[in-house]
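> Here it is, the structure, as structure tokens.
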Amino acid sequence: MEMATIITKSASAPNSEFAEFAAGCFWSVELMFQRLHGVLQTQVGYSGGSIPNPTYKQVCSGSTGHAESVLLEYDPAVISYNQLLNAFWEKHDPTTENRQGGDIGTQYRSAIFYHSPEQKDAAIKSLEAEQVKYKSKIVTQIVQASQFYPAEEYHQKYLEKGGQCALKGNKDRIRCYG
């Protein structure tokens, strides 16, 4: 099994920070974040589960408790954590438990994995503000980031490798396919 190396801070952005989100299939979530100005790096992987170094097959079985997530490094001088949260909310339906569209399973749950107390507070406030837009209860989990396991290399930048544009500011519709 070929696992990707976890991203580390860019030497060119010493004040960068990390953020982590789960909002369904990680391919489209990653591409959405890749397109945002201020997002320096993205990586897809597995978070919030119970076993170390899970494989895609294990995560899809539902037996590990992991969510398909996107870890990203961003420059807070260019894009704020609140702007990342806004993009997260716009990307998916946070009221559907363990599913996004046709993707069903615990690995497709909505979650914000915070990396600091400030991110936790911002996530809670954004969820409360977002809830007023929905009749159904938002089921997004807000949990402290723990171990992030990079997904297999073939999952990294999958949609970009498939020909979809990842340029900053691109607004083309994201097409997800398996």
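Ligands are numbered from 1 in the order shown, chains are lettered A, B, ... in the order of the structure tokens, and residues start at 1 in each chain.
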Could you give me, as number ranges by chain, each residue of chain A that DSSP assigns to strand (DSSP E) when run on this structure's backbone?
A: 17-23, 39-47, 67-74, 99-100, 103-104, 110-114, 141-144, 149-150
> Could you list, as an mmCIF file with N, CA, C and O atoms, in the first residue's frame, every residue within 8 Å of region 157-162 of chain A, counting only C-alpha atoms and ignoring same-chain residues fewer than 5 positions away?

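And here's result35.cif as it stands now:
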data_model
loop_
_atom_site.group_PDB
_atom_site.id
_atom_site.type_symbol
_atom_site.label_atom_id
_atom_site.label_comp_id
_atom_site.auth_asym_id
_atom_site.auth_seq_id
_atom_site.Cartn_x
_atom_site.Cartn_y
_atom_site.Cartn_z
ATOM 1 N N TRP A 27 -12.353 14.037 -2.689
ATOM 2 C CA TRP A 27 -11.845 14.528 -3.968
ATOM 3 C C TRP A 27 -12.378 15.924 -4.287
ATOM 4 O O TRP A 27 -11.631 16.822 -4.638
ATOM 5 N N SER A 28 -13.685 16.103 -4.193
ATOM 6 C CA SER A 28 -14.268 17.397 -4.557
ATOM 7 C C SER A 28 -13.985 18.453 -3.492
ATOM 8 O O SER A 28 -13.808 19.630 -3.813
ATOM 9 N N GLU A 30 -11.284 18.628 -1.677
ATOM 10 C CA GLU A 30 -9.906 19.061 -1.899
ATOM 11 C C GLU A 30 -9.829 20.061 -3.047
ATOM 12 O O GLU A 30 -9.189 21.116 -2.917
ATOM 13 N N LEU A 31 -10.459 19.760 -4.166
ATOM 14 C CA LEU A 31 -10.395 20.652 -5.317
ATOM 15 C C LEU A 31 -10.980 22.018 -4.980
ATOM 16 O O LEU A 31 -10.427 23.054 -5.367
ATOM 17 N N GLN A 43 -4.202 18.106 1.216
ATOM 18 C CA GLN A 43 -3.944 16.675 1.208
ATOM 19 C C GLN A 43 -5.198 15.959 1.691
ATOM 20 O O GLN A 43 -5.818 16.378 2.665
ATOM 21 N N VAL A 44 -5.571 14.889 0.992
ATOM 22 C CA VAL A 44 -6.718 14.102 1.419
ATOM 23 C C VAL A 44 -6.245 12.955 2.303
ATOM 24 O O VAL A 44 -5.124 12.464 2.163
ATOM 25 N N ARG A 175 -16.792 18.259 -10.871
ATOM 26 C CA ARG A 175 -17.417 16.980 -11.233
ATOM 27 C C ARG A 175 -16.704 15.876 -10.507
ATOM 28 O O ARG A 175 -15.488 15.719 -10.665
ATOM 29 N N CYS A 176 -17.421 15.114 -9.724
ATOM 30 C CA CYS A 176 -16.808 14.010 -8.983
ATOM 31 C C CYS A 176 -17.120 12.698 -9.704
ATOM 32 O O CYS A 176 -18.234 12.508 -10.197
#
> So which one's closest to Glu73 (chain A), A:Val39, A:Val143, A:Ala129, A:Val59? Using only C-alpha atoms, please.
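When distances to Glu73 (chain A) are compared using only C-alpha atoms, the smallest one comes from A:Val39.
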> Taking only C-alpha atoms into account, name the residue in A:Gln107, A:Thr42, A:Thr95, A:Ser16 that is nearest to Pro76 (chain A).
A:Ser16
> If we count only C-alpha atoms and set the cut-off at 8 Å, which residues sit around Thr64 (chain A), ignoring sequence neighbours fewer than 6 positions away in its own chain? Please answer as number ranges by chain.
A: 49-51, 54, 58
> Grab the residues selected above and save them as a PDB file, in the first residue's frame with N, CA, C and O atoms.

ATOM      1  N   GLY A  49     -10.858   8.332  13.335  1.00  0.00           N
ATOM      2  CA  GLY A  49     -11.141   6.906  13.463  1.00  0.00           C
ATOM      3  C   GLY A  49     -10.371   6.235  14.577  1.00  0.00           C
ATOM      4  O   GLY A  49      -9.687   6.887  15.368  1.00  0.00           O
ATOM      5  N   SER A  50     -10.474   4.915  14.602  1.00  0.00           N
ATOM      6  CA  SER A  50      -9.934   4.163  15.736  1.00  0.00           C
ATOM      7  C   SER A  50      -8.725   3.286  15.437  1.00  0.00           C
ATOM      8  O   SER A  50      -8.154   2.731  16.362  1.00  0.00           O
ATOM      9  N   ILE A  51      -8.343   3.158  14.178  1.00  0.00           N
ATOM     10  CA  ILE A  51      -7.188   2.304  13.896  1.00  0.00           C
ATOM     11  C   ILE A  51      -6.108   3.112  13.175  1.00  0.00           C
ATOM     12  O   ILE A  51      -6.419   4.025  12.413  1.00  0.00           O
ATOM     13  N   PRO A  54      -5.211   3.459   8.309  1.00  0.00           N
ATOM     14  CA  PRO A  54      -6.251   2.720   7.591  1.00  0.00           C
ATOM     15  C   PRO A  54      -6.069   2.840   6.084  1.00  0.00           C
ATOM     16  O   PRO A  54      -5.509   3.820   5.591  1.00  0.00           O
ATOM     17  N   GLN A  58     -10.570  -0.159   3.998  1.00  0.00           N
ATOM     18  CA  GLN A  58     -10.995  -0.276   5.391  1.00  0.00           C
ATOM     19  C   GLN A  58     -11.929   0.871   5.782  1.00  0.00           C
ATOM     20  O   GLN A  58     -12.949   0.655   6.432  1.00  0.00           O
TER      21      GLN A  58
END
> Mind the document's chain letters and residue numbers, and return as a list in words the residues of region 2-57 of chain A that DSSP labels helix (DSSP H, G or I).
Phe26, Trp27, Ser28, Val29, Glu30, Leu31, Met32, Phe33, Gln34, Tyr56 and Lys57 of chain A
> Which polymer residues have any atom within 8 Å of an atom of region 109-120 of chain A, counting only C-alpha atoms, with same-chain residues fewer than 5 positions away left out, as a list in words?
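Those residues are Phe18, Ala19, Glu20, Phe21, Ala22, Ala23, Gly24, Ala67, Tyr81, Pro94, Glu97, Asn98, Arg99, Gln100, Val139, Thr140, Gln141, Ile142, Val143, Gln144, Ala145 and Ser146 of chain A.
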> With distances taken over only C-alpha atoms, which of A:Leu40, A:Cys165, A:Ser69, A:Glu153 is nearest to Phe88 (chain A)?
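Going through A:Leu40, A:Cys165, A:Ser69, A:Glu153 one by one, the smallest distance to Phe88 (chain A) is for A:Ser69.
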> I'd like to know which of A:Val132, A:Ala122, A:Ile6, A:Ala11 is closest to Gln156 (chain A), using only C-alpha atoms.
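Selected residue with least distance to Gln156 (chain A): A:Ile6.
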> So, counting only C-alpha atoms, which residue among A:Tyr149, A:Ile104, A:Ser80, A:Asn53 is closest to Gly38 (chain A)?
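Looking at the shortest contact to Gly38 (chain A), the residue is A:Ser80.
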> I'd like the contact shell of Leu167 (chain A) - 10 Å cut-off, only C-alpha atoms, skipping same-chain residues fewer than 4 positions apart - returned as a list in words.
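Answer for this query is Leu31, Gln34, Arg35, Leu36, His37, Glu160 and Lys171 of chain A.
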> Just to confirm, what's the straight-line distance from CA of Pro14 (chain A) to CA of Tyr74 (chain A) in Å (one decimal)?
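These two atoms are separated by 10.5 Å.
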> Which of these residues is nearest to Lys125 (chain A), using only C-alpha atoms: A:Ala87, A:Thr96, A:Ala166, A:Asn82?
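Under the stated criterion, the closest residue is A:Asn82.
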